[in-house]
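A.B. asks: One structure, pasted below without further comment.
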Amino acid sequence: MDRERLFGKKLEEVKRLAKEQGNCVSKEQIEEAFAELELAGEQLALVEEYLKNHKIGIGEPVSPDDHLTEEEVHYLDIYLEELKRMEEVSEGEKEVVSLSAMAGDRQAQARLVEIYLPQVVEIAKLYSGQGVFLEDLIGEGNVALAAGVTILGCLEHVREVQGMLGRMIMDAMEECIGENAEQERRDKKVLERVNLVADQAKEMAEALQRKVTVEELAAETEWTEEEVLEAVRMSGHHIEYIKS
């Protein structure tokens, strides 16, 4: 594995470790993770700065509530009030329910979902501020939780239940954030193409004193007619300088 790919892999491992530790890693853990790359002090400082920018505390956790929007705080207040109506559970009952869920008891699996709903909220707060609304993160986490309780039979010990469900919830939220970021990149690329086509069409139309055709625009640029038409469609057919 080349150095750049290894660095990216180690960075993702540190971010995951931080999430598992309540959004916090120690300087020693960072140094250990990147030991293979033999980073200099200033390079490690840049890693720490990157982690801080992603709401990860160094040495002490960052309060996830600090990154919630006013809208998210309002939503969370209402959602948590609903969760308070659910029956509280002792650690003993939680273990019994987990064992029954592992054995395939559907009622126990449904109860286990209820028990872990507050944990989904806490995990979602750790992922806040990354482009996805808290409600959507909680929704993705709840779906993963509902799926996770049905496959606990693969575990050997009840103590593994919380870790497995936590990982599934985190994976679902990270996938949601990744898909959202990818969609934003695609949208930005489309917008850039629309703006470029619109600017070029305006320039040609002003020179010719009339609207231009798709064929003329393609002939004067590096775009194909299909690419020009796609930009027109993406604009909602609102590029006024192109003849329809």
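Going through the structure tokens in order, the chains are called A, B, and so on, while each chain numbers its residues from 1 and the ligands are numbered from 1 in the order shown.
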List as a PDB file with N, CA, C and O atoms, in the first residue's frame the protein and nucleic acid residues near Lys55 of chain A, meaning an atom at most 8 Å away when only C-alpha atoms are counted, but skip any in the same chain fewer than 5 places from it.
C.D. replies:
ATOM      1  N   ASN A  23     -16.251  10.222  20.871  1.00  0.00           N
ATOM      2  CA  ASN A  23     -15.758  11.343  20.066  1.00  0.00           C
ATOM      3  C   ASN A  23     -14.470  11.932  20.617  1.00  0.00           C
ATOM      4  O   ASN A  23     -14.277  13.155  20.628  1.00  0.00           O
ATOM      5  N   VAL A  62     -15.328  16.370  23.045  1.00  0.00           N
ATOM      6  CA  VAL A  62     -16.016  17.604  22.679  1.00  0.00           C
ATOM      7  C   VAL A  62     -17.507  17.353  22.864  1.00  0.00           C
ATOM      8  O   VAL A  62     -18.021  16.310  22.476  1.00  0.00           O
ATOM      9  N   PRO A  64     -20.995  16.994  21.961  1.00  0.00           N
ATOM     10  CA  PRO A  64     -21.696  16.934  20.669  1.00  0.00           C
ATOM     11  C   PRO A  64     -22.840  17.925  20.570  1.00  0.00           C
ATOM     12  O   PRO A  64     -23.230  18.345  19.488  1.00  0.00           O
ATOM     13  N   LEU A 126     -22.813  12.382  17.884  1.00  0.00           N
ATOM     14  CA  LEU A 126     -21.375  12.349  17.588  1.00  0.00           C
ATOM     15  C   LEU A 126     -21.098  12.639  16.116  1.00  0.00           C
ATOM     16  O   LEU A 126     -20.022  13.122  15.763  1.00  0.00           O
ATOM     17  N   GLY A 129     -23.184  17.780  12.481  1.00  0.00           N
ATOM     18  CA  GLY A 129     -22.326  18.792  11.892  1.00  0.00           C
ATOM     19  C   GLY A 129     -21.535  18.321  10.691  1.00  0.00           C
ATOM     20  O   GLY A 129     -20.566  18.966  10.283  1.00  0.00           O
TER      21      GLY A 129
END
A.B. asks: Based on the backbone DSSP call, show me all residues of segment 9-131 of chain A assigned helix (DSSP H, G or I), as a PyMOL selection string.
C.D. replies: chain A and resi 9-20+27-33+35-37+41-53+64-67+70-84+91-102+106-126
A.B. asks: Find the residues around segment 183-188 of chain A up to 10 Å (only C-alpha atoms counted), leave out those fewer than 5 positions away in its own chain, and share them as a ChimeraX atom specification.
C.D. replies: /A:131,177-178,193-194,234
A.B. asks: If I take atom CA of Asp136 of chain A and atom CA of Glu182 of chain A, how far is one from the other in Å, to one decimal?
C.D. replies: 16.3 Å
A.B. asks: Choose the residue, out of A:Val161, A:Ala172, A:Tyr127, A:Gly8, that has the smallest atom-to-atom separation from Gly141 of chain A; count only C-alpha atoms.
C.D. replies: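 Among A:Val161, A:Ala172, A:Tyr127, A:Gly8, it is A:Ala172 that comes nearest to Gly141 of chain A.
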A.B. asks: In segment 5-243 of chain A, what's strand (DSSP E or B) per DSSP? Answer as an MDAnalysis selection string?
C.D. replies: chainID A and resid 24:25 57:58 212 242
A.B. asks: Kindly save the residues from that selection, with N, CA, C and O atoms included, as a compact mmCIF listing (two decimals), in the first residue's frame.
C.D. replies:
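Result written to selection-v9.txt:
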# COMPACT_ATOMS: atom_id res chain seq x y z
N CYS A 24 -13.57 11.07 21.04
CA CYS A 24 -12.33 11.53 21.65
C CYS A 24 -11.22 10.51 21.44
O CYS A 24 -11.46 9.30 21.51
N VAL A 25 -10.00 11.00 21.18
CA VAL A 25 -8.80 10.15 21.14
C VAL A 25 -7.69 10.86 21.89
O VAL A 25 -7.70 12.09 22.03
N GLY A 57 -12.50 15.38 19.87
CA GLY A 57 -11.67 15.94 20.92
C GLY A 57 -10.33 15.22 21.04
O GLY A 57 -10.24 14.01 20.81
N ILE A 58 -9.29 15.96 21.40
CA ILE A 58 -7.97 15.39 21.62
C ILE A 58 -7.71 15.42 23.12
O ILE A 58 -7.51 16.47 23.72
N VAL A 212 -28.63 31.35 -29.53
CA VAL A 212 -27.82 30.37 -30.25
C VAL A 212 -28.46 28.99 -30.16
O VAL A 212 -29.26 28.72 -29.26
N ILE A 242 -30.18 30.15 -25.14
CA ILE A 242 -30.15 29.00 -26.03
C ILE A 242 -31.54 28.81 -26.67
O ILE A 242 -32.55 28.78 -25.96
